[in-house]
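Source file: my_file-v6.cif (mmCIF, C-alpha atoms)
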data_run
#
loop_
_atom_site.group_PDB
_atom_site.id
_atom_site.type_symbol
_atom_site.label_atom_id
_atom_site.label_comp_id
_atom_site.auth_asym_id
_atom_site.auth_seq_id
_atom_site.Cartn_x
_atom_site.Cartn_y
_atom_site.Cartn_z
ATOM 1 C CA MET A 1 27.320 29.774 51.485
ATOM 2 C CA SER A 2 26.415 26.396 49.981
ATOM 3 C CA ASN A 3 26.550 27.529 46.372
ATOM 4 C CA THR A 4 30.056 28.998 46.561
ATOM 5 C CA SER A 5 33.262 27.167 45.785
ATOM 6 C CA SER A 6 35.575 25.711 48.447
ATOM 7 C CA ILE A 7 38.563 25.811 46.091
ATOM 8 C CA ILE A 8 41.352 28.010 47.455
ATOM 9 C CA VAL A 9 44.048 27.570 44.773
ATOM 10 C CA PHE A 10 44.167 27.062 41.004
ATOM 11 C CA SER A 11 46.863 25.239 39.065
ATOM 12 C CA LEU A 12 48.004 26.770 35.766
ATOM 13 C CA SER A 13 48.487 23.848 33.400
ATOM 14 C CA GLY A 14 49.622 26.063 30.514
ATOM 15 C CA PHE A 15 53.158 25.743 31.911
ATOM 16 C CA ASN A 16 53.315 22.003 31.239
ATOM 17 C CA GLU A 17 54.945 22.526 27.834
ATOM 18 C CA THR A 18 57.585 24.956 29.123
ATOM 19 C CA VAL A 19 59.559 22.494 31.256
ATOM 20 C CA ASN A 20 62.468 22.039 28.834
ATOM 21 C CA TYR A 21 63.108 25.709 28.061
ATOM 22 C CA ARG A 22 62.040 27.634 31.142
ATOM 23 C CA VAL A 23 65.384 29.390 31.571
ATOM 24 C CA THR A 24 65.262 30.638 27.978
ATOM 25 C CA LEU A 25 61.657 31.790 28.421
ATOM 26 C CA PHE A 26 62.538 33.462 31.710
ATOM 27 C CA SER A 27 65.368 35.408 30.047
ATOM 28 C CA LEU A 28 63.189 36.491 27.104
ATOM 29 C CA THR A 29 60.305 37.402 29.418
ATOM 30 C CA LEU A 30 62.550 39.468 31.678
ATOM 31 C CA LEU A 31 64.018 41.224 28.628
ATOM 32 C CA SER A 32 60.530 41.916 27.223
ATOM 33 C CA TYR A 33 59.315 43.336 30.540
ATOM 34 C CA CYS A 34 62.384 45.576 30.812
ATOM 35 C CA VAL A 35 61.773 46.863 27.253
ATOM 36 C CA ILE A 36 58.106 47.510 28.110
ATOM 37 C CA LEU A 37 59.118 49.474 31.209
ATOM 38 C CA VAL A 38 61.761 51.528 29.380
ATOM 39 C CA VAL A 39 59.736 52.487 26.285
ATOM 40 C CA ASN A 40 56.531 53.286 28.165
ATOM 41 C CA VAL A 41 58.222 55.212 30.987
ATOM 42 C CA SER A 42 60.185 57.178 28.353
ATOM 43 C CA ILE A 43 56.974 58.299 26.634
ATOM 44 C CA ILE A 44 55.258 59.084 29.957
ATOM 45 C CA LEU A 45 58.135 61.191 31.292
ATOM 46 C CA THR A 46 58.588 62.978 27.959
ATOM 47 C CA ILE A 47 54.940 64.060 27.954
ATOM 48 C CA ILE A 48 54.826 64.969 31.671
ATOM 49 C CA LEU A 49 58.039 66.994 31.669
ATOM 50 C CA ASP A 50 57.378 68.937 28.446
ATOM 51 C CA GLU A 51 54.570 71.485 28.842
ATOM 52 C CA ASN A 52 54.299 71.817 25.047
ATOM 53 C CA LEU A 53 52.965 68.245 25.011
ATOM 54 C CA HIS A 54 50.153 68.929 27.489
ATOM 55 C CA GLU A 55 47.564 68.606 24.724
ATOM 56 C CA PRO A 56 44.598 66.195 24.490
ATOM 57 C CA MET A 57 46.270 63.759 22.077
ATOM 58 C CA TYR A 58 49.441 63.490 24.167
ATOM 59 C CA ILE A 59 47.491 63.274 27.419
ATOM 60 C CA CYS A 60 45.636 60.296 25.933
ATOM 61 C CA LEU A 61 48.918 58.778 24.771
ATOM 62 C CA CYS A 62 50.376 59.206 28.260
ATOM 63 C CA ASN A 63 47.386 57.374 29.746
ATOM 64 C CA LEU A 64 47.704 54.636 27.140
ATOM 65 C CA CYS A 65 51.309 54.039 28.248
ATOM 66 C CA ILE A 66 50.365 54.162 31.944
ATOM 67 C CA ASN A 67 47.718 51.559 31.230
ATOM 68 C CA GLU A 68 50.277 49.322 29.481
ATOM 69 C CA LEU A 69 52.426 49.422 32.622
ATOM 70 C CA TYR A 70 49.382 48.699 34.802
ATOM 71 C CA GLY A 71 48.245 45.728 32.717
ATOM 72 C CA THR A 72 51.653 44.094 32.307
ATOM 73 C CA THR A 73 52.288 44.399 36.055
ATOM 74 C CA GLY A 74 49.342 42.054 36.539
ATOM 75 C CA PHE A 75 51.006 39.395 34.380
ATOM 76 C CA TYR A 76 54.802 39.531 34.106
ATOM 77 C CA PRO A 77 55.924 39.344 37.786
ATOM 78 C CA LYS A 78 53.736 36.254 38.443
ATOM 79 C CA PHE A 79 54.656 34.706 35.080
ATOM 80 C CA THR A 80 58.406 35.063 35.606
ATOM 81 C CA SER A 81 58.216 33.605 39.128
ATOM 82 C CA ASP A 82 56.163 30.659 37.816
ATOM 83 C CA LEU A 83 58.795 29.933 35.167
ATOM 84 C CA LEU A 84 61.361 29.361 37.921
ATOM 85 C CA SER A 85 58.985 27.398 40.140
ATOM 86 C CA ASP A 86 58.322 23.647 40.119
ATOM 87 C CA ILE A 87 54.635 24.194 40.910
ATOM 88 C CA GLN A 88 52.530 26.834 39.149
ATOM 89 C CA VAL A 89 49.592 27.698 41.360
ATOM 90 C CA ILE A 90 47.705 30.855 42.268
ATOM 91 C CA SER A 91 45.335 31.542 45.147
ATOM 92 C CA TYR A 92 41.657 32.187 44.511
ATOM 93 C CA ALA A 93 42.032 35.810 45.671
ATOM 94 C CA GLY A 94 45.199 36.227 43.587
ATOM 95 C CA CYS A 95 43.395 34.778 40.574
ATOM 96 C CA LEU A 96 40.519 37.247 40.893
ATOM 97 C CA LEU A 97 42.994 40.125 41.310
ATOM 98 C CA GLN A 98 44.892 39.066 38.185
ATOM 99 C CA ILE A 99 41.635 38.794 36.233
ATOM 100 C CA PHE A 100 40.644 42.277 37.378
ATOM 101 C CA VAL A 101 43.969 43.869 36.414
ATOM 102 C CA ILE A 102 44.329 42.187 33.003
ATOM 103 C CA TYR A 103 40.689 42.648 31.970
ATOM 104 C CA SER A 104 40.451 46.257 33.162
ATOM 105 C CA SER A 105 43.722 47.079 31.378
ATOM 106 C CA ALA A 106 42.404 45.666 28.093
ATOM 107 C CA MET A 107 39.169 47.657 28.433
ATOM 108 C CA VAL A 108 40.907 50.885 29.467
ATOM 109 C CA GLY A 109 43.245 50.563 26.488
ATOM 110 C CA PHE A 110 40.348 50.234 24.085
ATOM 111 C CA SER A 111 38.482 53.131 25.712
ATOM 112 C CA VAL A 112 41.531 55.407 25.455
ATOM 113 C CA LEU A 113 41.987 54.458 21.788
ATOM 114 C CA ALA A 114 38.310 55.326 21.176
ATOM 115 C CA LEU A 115 38.875 58.695 22.863
ATOM 116 C CA MET A 116 41.968 59.279 20.704
ATOM 117 C CA SER A 117 39.954 58.590 17.556
ATOM 118 C CA TYR A 118 37.371 61.169 18.684
ATOM 119 C CA ASP A 119 40.167 63.654 19.377
ATOM 120 C CA ARG A 120 41.554 63.153 15.857
ATOM 121 C CA TYR A 121 38.065 63.466 14.366
ATOM 122 C CA VAL A 122 37.525 66.847 16.031
ATOM 123 C CA ALA A 123 41.051 68.059 15.168
ATOM 124 C CA ILE A 124 40.771 67.231 11.451
ATOM 125 C CA CYS A 125 37.056 67.452 10.679
ATOM 126 C CA ARG A 126 36.178 70.376 12.997
ATOM 127 C CA PRO A 127 39.493 72.253 13.433
ATOM 128 C CA LEU A 128 37.912 75.609 14.313
ATOM 129 C CA GLU A 129 36.005 74.039 17.212
ATOM 130 C CA TYR A 130 38.874 71.852 18.445
ATOM 131 C CA HIS A 131 40.048 73.932 21.410
ATOM 132 C CA SER A 132 36.511 74.495 22.673
ATOM 133 C CA VAL A 133 35.386 70.873 22.193
ATOM 134 C CA MET A 134 38.618 69.264 23.472
ATOM 135 C CA SER A 135 39.374 71.688 26.282
ATOM 136 C CA LEU A 136 41.737 70.576 29.022
ATOM 137 C CA ARG A 137 38.882 70.200 31.490
ATOM 138 C CA ARG A 138 36.806 68.076 29.114
ATOM 139 C CA THR A 139 39.846 65.977 28.233
ATOM 140 C CA VAL A 140 40.460 65.233 31.912
ATOM 141 C CA VAL A 141 36.805 64.212 32.360
ATOM 142 C CA LEU A 142 36.864 61.941 29.277
ATOM 143 C CA VAL A 143 40.167 60.328 30.286
ATOM 144 C CA SER A 144 38.813 59.749 33.812
ATOM 145 C CA LEU A 145 35.739 58.055 32.325
ATOM 146 C CA SER A 146 38.050 55.911 30.165
ATOM 147 C CA TRP A 147 39.386 54.466 33.407
ATOM 148 C CA PHE A 148 36.280 54.572 35.603
ATOM 149 C CA VAL A 149 33.811 52.836 33.258
ATOM 150 C CA PRO A 150 36.072 49.807 32.501
ATOM 151 C CA PHE A 151 36.798 49.437 36.218
ATOM 152 C CA CYS A 152 33.047 49.323 36.899
ATOM 153 C CA CYS A 153 32.495 46.788 34.088
ATOM 154 C CA VAL A 154 35.227 44.468 35.362
ATOM 155 C CA THR A 155 34.056 44.838 38.953
ATOM 156 C CA MET A 156 30.559 43.678 37.931
ATOM 157 C CA SER A 157 31.962 40.721 36.010
ATOM 158 C CA VAL A 158 34.546 39.575 38.555
ATOM 159 C CA SER A 159 32.243 40.021 41.573
ATOM 160 C CA LEU A 160 29.948 37.309 40.173
ATOM 161 C CA THR A 161 32.702 34.705 39.886
ATOM 162 C CA PRO A 162 33.070 33.913 43.636
ATOM 163 C CA THR A 163 29.347 33.031 43.775
ATOM 164 C CA LEU A 164 29.921 30.045 41.463
ATOM 165 C CA LYS A 165 30.381 26.490 42.709
ATOM 166 C CA LEU A 166 33.479 25.144 40.976
ATOM 167 C CA CYS A 167 34.097 21.485 40.199
ATOM 168 C CA GLY A 168 37.717 21.820 39.131
ATOM 169 C CA SER A 169 40.869 23.813 39.787
ATOM 170 C CA HIS A 170 42.931 23.400 36.597
ATOM 171 C CA ILE A 171 43.174 26.470 34.360
ATOM 172 C CA GLU A 172 44.636 25.639 30.942
ATOM 173 C CA LYS A 173 46.413 28.953 30.601
ATOM 174 C CA LEU A 174 49.519 30.779 31.762
ATOM 175 C CA TYR A 175 47.433 33.182 33.839
ATOM 176 C CA CYS A 176 43.964 33.487 35.332
ATOM 177 C CA GLU A 177 41.194 34.352 32.899
ATOM 178 C CA ASN A 178 37.543 34.779 33.840
ATOM 179 C CA GLY A 179 36.209 32.573 31.054
ATOM 180 C CA SER A 180 38.498 29.722 32.115
ATOM 181 C CA VAL A 181 37.296 29.976 35.724
ATOM 182 C CA ILE A 182 33.639 30.074 34.640
ATOM 183 C CA LYS A 183 34.205 26.899 32.576
ATOM 184 C CA LEU A 184 35.042 25.112 35.839
ATOM 185 C CA ALA A 185 31.613 25.913 37.294
ATOM 186 C CA CYS A 186 29.085 23.176 37.956
ATOM 187 C CA SER A 187 26.379 25.673 38.938
ATOM 188 C CA SER A 188 24.400 28.079 36.774
ATOM 189 C CA THR A 189 26.499 30.714 34.982
ATOM 190 C CA THR A 190 23.556 32.629 33.501
ATOM 191 C CA ALA A 191 24.251 35.861 35.383
ATOM 192 C CA ASN A 192 27.935 35.722 34.395
ATOM 193 C CA ASP A 193 27.063 35.110 30.745
ATOM 194 C CA ILE A 194 24.577 38.008 30.667
ATOM 195 C CA VAL A 195 27.084 40.454 32.170
ATOM 196 C CA ARG A 196 29.806 39.295 29.765
ATOM 197 C CA LEU A 197 27.428 39.743 26.824
ATOM 198 C CA ILE A 198 26.525 43.267 27.958
ATOM 199 C CA ILE A 199 30.213 44.212 28.323
ATOM 200 C CA ILE A 200 31.126 42.726 24.926
ATOM 201 C CA SER A 201 28.218 44.599 23.322
ATOM 202 C CA PHE A 202 29.344 47.830 25.003
ATOM 203 C CA TYR A 203 32.838 47.502 23.572
ATOM 204 C CA CYS A 204 31.481 46.521 20.170
ATOM 205 C CA CYS A 205 29.883 49.978 20.242
ATOM 206 C CA HIS A 206 33.391 51.352 20.790
ATOM 207 C CA VAL A 207 34.477 49.596 17.595
ATOM 208 C CA LEU A 208 31.555 51.069 15.645
ATOM 209 C CA PHE A 209 32.326 54.525 17.071
ATOM 210 C CA ILE A 210 35.979 54.247 16.008
ATOM 211 C CA LEU A 211 35.014 53.025 12.536
ATOM 212 C CA GLY A 212 32.564 55.920 12.168
ATOM 213 C CA SER A 213 35.249 58.397 13.232
ATOM 214 C CA TYR A 214 37.681 57.037 10.669
ATOM 215 C CA VAL A 215 35.123 57.144 7.875
ATOM 216 C CA GLN A 216 34.736 60.868 8.570
ATOM 217 C CA LEU A 217 38.499 61.315 8.880
ATOM 218 C CA VAL A 218 39.179 59.695 5.518
ATOM 219 C CA LYS A 219 36.477 61.789 3.863
ATOM 220 C CA SER A 220 38.015 64.938 5.304
ATOM 221 C CA ALA A 221 41.594 63.878 4.481
ATOM 222 C CA VAL A 222 40.932 63.607 0.745
ATOM 223 C CA LYS A 223 39.589 67.169 0.578
ATOM 224 C CA SER A 224 42.794 69.092 1.324
ATOM 225 C CA ARG A 225 46.545 68.701 1.579
ATOM 226 C CA GLU A 226 46.582 70.020 5.167
ATOM 227 C CA SER A 227 44.022 67.416 6.250
ATOM 228 C CA ARG A 228 46.056 64.680 4.573
ATOM 229 C CA ARG A 229 49.182 65.858 6.397
ATOM 230 C CA LYS A 230 47.415 65.793 9.780
ATOM 231 C CA PHE A 231 45.931 62.391 9.006
ATOM 232 C CA THR A 232 49.314 60.935 8.077
ATOM 233 C CA GLN A 233 51.160 62.388 11.060
ATOM 234 C CA THR A 234 48.681 61.676 13.849
ATOM 235 C CA CYS A 235 46.086 59.167 12.640
ATOM 236 C CA VAL A 236 48.410 56.585 11.108
ATOM 237 C CA PRO A 237 50.145 55.752 14.433
ATOM 238 C CA HIS A 238 46.758 55.644 16.161
ATOM 239 C CA LEU A 239 45.394 53.325 13.476
ATOM 240 C CA LEU A 240 48.448 51.053 13.750
ATOM 241 C CA SER A 241 48.033 50.901 17.530
ATOM 242 C CA LEU A 242 44.331 50.182 17.159
ATOM 243 C CA LEU A 243 44.972 47.337 14.696
ATOM 244 C CA ASN A 244 47.712 46.037 16.977
ATOM 245 C CA VAL A 245 45.459 45.937 20.063
ATOM 246 C CA THR A 246 42.433 44.606 18.165
ATOM 247 C CA ALA A 247 44.418 41.770 16.573
ATOM 248 C CA ALA A 248 45.913 40.871 19.954
ATOM 249 C CA LEU A 249 42.514 40.787 21.684
ATOM 250 C CA LEU A 250 41.052 38.723 18.823
ATOM 251 C CA PHE A 251 43.853 36.209 19.316
ATOM 252 C CA ASP A 252 42.895 35.850 22.970
ATOM 253 C CA LEU A 253 39.175 35.714 22.177
ATOM 254 C CA MET A 254 39.707 32.998 19.551
ATOM 255 C CA TYR A 255 41.750 31.015 22.036
ATOM 256 C CA SER A 256 39.116 31.335 24.776
ATOM 257 C CA ARG A 257 36.166 30.554 22.554
ATOM 258 C CA TYR A 258 37.471 28.249 19.845
ATOM 259 C CA GLY A 259 40.790 26.919 21.159
ATOM 260 C CA SER A 260 41.109 23.391 19.832
ATOM 261 C CA ALA A 261 42.580 20.530 21.838
ATOM 262 C CA SER A 262 44.497 19.549 18.695
ATOM 263 C CA LEU A 263 46.532 22.760 18.757
ATOM 264 C CA PRO A 264 50.002 22.508 20.311
ATOM 265 C CA GLN A 265 50.124 23.988 23.815
ATOM 266 C CA SER A 266 52.891 26.369 22.713
ATOM 267 C CA VAL A 267 50.556 27.855 20.074
ATOM 268 C CA LYS A 268 47.771 28.174 22.638
ATOM 269 C CA ASN A 269 50.159 29.906 25.035
ATOM 270 C CA PHE A 270 51.223 32.433 22.400
ATOM 271 C CA MET A 271 47.613 33.169 21.457
ATOM 272 C CA ALA A 272 46.826 33.708 25.145
ATOM 273 C CA ILE A 273 49.639 36.169 25.926
ATOM 274 C CA GLU A 274 49.975 37.966 22.578
ATOM 275 C CA PHE A 275 47.936 40.966 23.755
ATOM 276 C CA LEU A 276 50.133 41.213 26.870
ATOM 277 C CA LEU A 277 53.359 41.064 24.873
ATOM 278 C CA ILE A 278 53.068 42.853 21.512
ATOM 279 C CA PRO A 279 50.919 46.005 22.129
ATOM 280 C CA PRO A 280 52.808 47.188 25.264
ATOM 281 C CA ILE A 281 56.043 47.214 23.242
ATOM 282 C CA LEU A 282 54.804 48.317 19.827
ATOM 283 C CA ASN A 283 52.380 51.087 20.859
ATOM 284 C CA PRO A 284 54.948 53.435 22.457
ATOM 285 C CA VAL A 285 57.499 52.575 19.747
ATOM 286 C CA ILE A 286 54.989 53.429 17.007
ATOM 287 C CA TYR A 287 54.117 56.774 18.575
ATOM 288 C CA GLY A 288 57.712 57.521 19.497
ATOM 289 C CA LEU A 289 58.910 56.986 15.936
ATOM 290 C CA VAL A 290 56.024 58.565 14.020
ATOM 291 C CA LEU A 291 54.991 61.575 16.106
ATOM 292 C CA THR A 292 57.537 64.313 15.392
ATOM 293 C CA LYS A 293 57.152 66.116 18.732
ATOM 294 C CA ILE A 294 57.638 62.949 20.765
ATOM 295 C CA ARG A 295 60.573 61.764 18.651
ATOM 296 C CA SER A 296 62.370 65.124 18.750
ATOM 297 C CA ARG A 297 61.909 65.472 22.526
ATOM 298 C CA ILE A 298 63.261 61.971 23.199
ATOM 299 C CA ILE A 299 66.275 62.535 20.899
ATOM 300 C CA SER A 300 66.940 65.899 22.540
ATOM 301 C CA PHE A 301 66.739 64.332 26.000
ATOM 302 C CA CYS A 302 69.133 61.527 25.018
ATOM 303 C CA ILE A 303 71.640 64.023 23.566
ATOM 304 C CA LYS A 304 71.522 66.158 26.726
ATOM 305 C CA ALA A 305 71.868 63.100 28.958
ATOM 306 C CA GLY A 306 74.840 61.886 26.911
ATOM 307 C CA HIS A 307 76.444 65.322 27.043
ATOM 308 C CA ARG A 308 76.054 65.475 30.854
ATOM 309 C CA CYS A 309 77.582 62.025 31.247
ATOM 310 C CA LYS A 310 80.517 63.078 29.077
ATOM 311 C CA LEU A 311 81.083 66.209 31.170
ATOM 312 C CA ARG A 312 81.017 64.192 34.400
ATOM 313 C CA MET A 313 83.527 61.702 32.987
ATOM 314 C CA ASN A 314 85.869 64.536 31.962
ATOM 315 C CA ALA A 315 85.516 66.334 35.301
#
Could you write out this structure as structure tokens?
Amino acid sequence: MSNTSSIIVFSLSGFNETVNYRVTLFSLTLLSYCVILVVNVSIILTIILDENLHEPMYICLCNLCINELYGTTGFYPKFTSDLLSDIQVISYAGCLLQIFVIYSSAMVGFSVLALMSYDRYVAICRPLEYHSVMSLRRTVVLVSLSWFVPFCCVTMSVSLTPTLKLCGSHIEKLYCENGSVIKLACSSTTANDIVRLIIISFYCCHVLFILGSYVQLVKSAVKSRESRRKFTQTCVPHLLSLLNVTAALLFDLMYSRYGSASLPQSVKNFMAIEFLLIPPILNPVIYGLVLTKIRSRIISFCIKAGHRCKLRMNA
């Protein structure tokens, strides 16, 4: 088609400032990815293997950790290989796939956090109705929608990108990002801009929904000691995770929209990958440390594993 781009590869110019310390970055990146895998897999296995944790809140938490693994898989393997390579390029198809994975992961994460806020609202503000409102069947449906709707949103957005005629192939980031690709277009981007605006508006509604839930939660928490206890034990880690993810996404949004050429490339790089680095590590750690059931199960598992190892060594 005449209006589509003939570009087959993109160069990632965000790596230009990493030449002198690529080995150090590679080591830190590999360590970070290993930590992400360990902490998230630990939470996932703890919830799956313990039937007492097959409750709506823990099912949501399990999906949040699965999503962290899904999203980071779209970034870390390519990033680590690029750090050891002399040329940092990515194919057009690979770029679109990376955009899809990273964007859908960010949206799924926010959707799951919105679902968790609703779960906490029902548990604290409507405790007598909790088991009927948040039944296992309804939880499965809501969690499925938390994955399906973001996938549809990203599919709509990414499917429009190949229709653009591009006049450049240099992406000033460490990974492919839809906004950066659209900036290279020398044809009309109206359809892309409209879809992006609709998606942003949709997720702004998520923010308003979460804020509304927390207003009700705070009102309920001040009424009784039991409500305050529930709020402290289950809502505080969720709120910390929410602030963590929101701050990380704002960093990336500020970089995409208002990134100044006067900023050092290292600062730009950190702003671009912050949401792929901090939330995947902190979210499971926050829940693992604060939620008593999760913490006790992990400690119990570690003690049993250590005891088995000791018995094998003595045998």
Please identify all polymer residues within 10 Å of A:Val112, counting only C-alpha atoms, omitting same-chain residues fewer than 3 positions from it, and present them as a PDB file with C-alpha atoms, in the coordinates of the input.
ATOM      1  CA  CYS A  60      45.636  60.296  25.933  1.00  0.00           C
ATOM      2  CA  LEU A  61      48.918  58.778  24.771  1.00  0.00           C
ATOM      3  CA  ASN A  63      47.386  57.374  29.746  1.00  0.00           C
ATOM      4  CA  LEU A  64      47.704  54.636  27.140  1.00  0.00           C
ATOM      5  CA  ASN A  67      47.718  51.559  31.230  1.00  0.00           C
ATOM      6  CA  MET A 107      39.169  47.657  28.433  1.00  0.00           C
ATOM      7  CA  VAL A 108      40.907  50.885  29.467  1.00  0.00           C
ATOM      8  CA  GLY A 109      43.245  50.563  26.488  1.00  0.00           C
ATOM      9  CA  LEU A 115      38.875  58.695  22.863  1.00  0.00           C
ATOM     10  CA  MET A 116      41.968  59.279  20.704  1.00  0.00           C
ATOM     11  CA  SER A 117      39.954  58.590  17.556  1.00  0.00           C
ATOM     12  CA  TYR A 118      37.371  61.169  18.684  1.00  0.00           C
ATOM     13  CA  LEU A 142      36.864  61.941  29.277  1.00  0.00           C
ATOM     14  CA  VAL A 143      40.167  60.328  30.286  1.00  0.00           C
ATOM     15  CA  SER A 144      38.813  59.749  33.812  1.00  0.00           C
ATOM     16  CA  LEU A 145      35.739  58.055  32.325  1.00  0.00           C
ATOM     17  CA  SER A 146      38.050  55.911  30.165  1.00  0.00           C
ATOM     18  CA  TRP A 147      39.386  54.466  33.407  1.00  0.00           C
TER      19      TRP A 147
END
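Among the candidate residues A:Tyr175, A:Thr292, A:Arg308, A:Ala185, the one lying nearest to A:Gly94 is A:Tyr175, with distances computed using only C-alpha atoms.
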Can you list what the PyMOL selection byres ((chain A and resi 290) around 10) grabs from this structure, as JSON, numbers by chain? {"A": [232, 233, 234, 236, 237, 238, 284, 285, 286, 287, 288, 289, 291, 292, 293, 294, 295]}
List every protein, DNA or RNA residue that has an atom no more than 8 Å from (27.8, 39.4, 38.8) in the file's coordinate frame, counting all atoms listed in the file, and report them as an MDAnalysis selection string. chainID A and resid 156:161 191:192 195
Point (44.4, 45.5, 37.1), cut-off 9 Å, counting all atoms listed in the file, residues as a list in words: Tyr70, Gly71, Thr72, Thr73, Gly74, Leu97, Gln98, Ile99, Phe100, Val101, Ile102, Tyr103, Ser104, Ser105 and Phe151 of chain A
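Straight-line separation from atom CA of A:His206 to atom CA of A:Arg229: 25.8 Å.
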All residues 12 Å or closer to stretch 127-136 of chain A, all atoms listed in the file, same chain fewer than 4 positions away omitted, as JSON, numbers by chain: {"A": [54, 55, 56, 57, 58, 59, 60, 115, 116, 118, 119, 120, 121, 122, 123, 140, 141, 142, 143, 217, 220, 226, 227, 230]}
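Counting all atoms listed in the file and comparing A:Val267, A:Leu69, A:Cys235, A:Ile194, the residue that lies closest to A:Gly14 is A:Val267.
Counting from atom CA of A:Cys34, the distance to atom CA of A:Ser81 is 15.2 Å.
Minimum distance to A:Ser241 across A:Val154, A:Phe110, A:Gln216, A:Ile200 (counting only C-alpha atoms) occurs at A:Phe110.
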Using all atoms listed in the file, can you tell me which of A:Thr190, A:Ser85, A:Ser91, A:Thr163 comes closest to A:Asn16? A:Ser85
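Here atom CA of A:Ile171 stands at a distance of 20.2 Å from atom CA of A:Ala106.
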Could you extract stretch 292-310 of chain A of the given structure into a file holding N, CA and C atoms, as an mmCIF file, in the first residue's frame?
data_model
loop_
_atom_site.group_PDB
_atom_site.id
_atom_site.type_symbol
_atom_site.label_atom_id
_atom_site.label_comp_id
_atom_site.auth_asym_id
_atom_site.auth_seq_id
_atom_site.Cartn_x
_atom_site.Cartn_y
_atom_site.Cartn_z
ATOM 1 N N THR A 292 -0.381 -10.703 56.227
ATOM 2 C CA THR A 292 0.028 -11.721 57.196
ATOM 3 C C THR A 292 -0.024 -13.122 56.615
ATOM 4 N N LYS A 293 -1.106 -13.454 55.898
ATOM 5 C CA LYS A 293 -1.256 -14.800 55.343
ATOM 6 C C LYS A 293 -0.146 -15.131 54.352
ATOM 7 N N ILE A 294 0.155 -14.181 53.476
ATOM 8 C CA ILE A 294 1.207 -14.399 52.485
ATOM 9 C C ILE A 294 2.554 -14.554 53.183
ATOM 10 N N ARG A 295 2.844 -13.640 54.107
ATOM 11 C CA ARG A 295 4.134 -13.660 54.804
ATOM 12 C C ARG A 295 4.330 -14.958 55.578
ATOM 13 N N SER A 296 3.300 -15.388 56.306
ATOM 14 C CA SER A 296 3.414 -16.603 57.118
ATOM 15 C C SER A 296 3.585 -17.841 56.247
ATOM 16 N N ARG A 297 2.887 -17.884 55.093
ATOM 17 C CA ARG A 297 3.007 -19.038 54.202
ATOM 18 C C ARG A 297 4.410 -19.115 53.590
ATOM 19 N N ILE A 298 4.955 -17.964 53.198
ATOM 20 C CA ILE A 298 6.292 -17.953 52.599
ATOM 21 C C ILE A 298 7.344 -18.365 53.635
ATOM 22 N N ILE A 299 7.224 -17.838 54.863
ATOM 23 C CA ILE A 299 8.169 -18.201 55.932
ATOM 24 C C ILE A 299 8.079 -19.684 56.237
ATOM 25 N N SER A 300 6.840 -20.197 56.314
ATOM 26 C CA SER A 300 6.638 -21.620 56.579
ATOM 27 C C SER A 300 7.251 -22.484 55.476
ATOM 28 N N PHE A 301 7.064 -22.055 54.230
ATOM 29 C CA PHE A 301 7.625 -22.800 53.100
ATOM 30 C C PHE A 301 9.146 -22.805 53.150
ATOM 31 N N CYS A 302 9.741 -21.648 53.470
ATOM 32 C CA CYS A 302 11.205 -21.553 53.545
ATOM 33 C C CYS A 302 11.762 -22.436 54.665
ATOM 34 N N ILE A 303 11.064 -22.465 55.806
ATOM 35 C CA ILE A 303 11.510 -23.294 56.936
ATOM 36 C C ILE A 303 11.455 -24.772 56.564
ATOM 37 N N LYS A 304 10.347 -25.182 55.907
ATOM 38 C CA LYS A 304 10.214 -26.581 55.495
ATOM 39 C C LYS A 304 11.264 -26.961 54.460
ATOM 40 N N ALA A 305 11.510 -26.035 53.508
ATOM 41 C CA ALA A 305 12.510 -26.310 52.478
ATOM 42 C C ALA A 305 13.901 -26.439 53.095
ATOM 43 N N GLY A 306 14.197 -25.551 54.061
ATOM 44 C CA GLY A 306 15.487 -25.615 54.747
ATOM 45 C C GLY A 306 15.634 -26.894 55.550
ATOM 46 N N HIS A 307 14.544 -27.311 56.193
ATOM 47 C CA HIS A 307 14.570 -28.536 56.988
ATOM 48 C C HIS A 307 14.807 -29.762 56.099
ATOM 49 N N ARG A 308 14.169 -29.779 54.908
ATOM 50 C CA ARG A 308 14.343 -30.907 53.984
ATOM 51 C C ARG A 308 15.775 -30.970 53.472
ATOM 52 N N CYS A 309 16.335 -29.796 53.164
ATOM 53 C CA CYS A 309 17.719 -29.754 52.694
ATOM 54 C C CYS A 309 18.680 -30.283 53.764
ATOM 55 N N LYS A 310 18.400 -29.899 55.013
ATOM 56 C CA LYS A 310 19.233 -30.347 56.128
ATOM 57 C C LYS A 310 19.157 -31.850 56.290
#
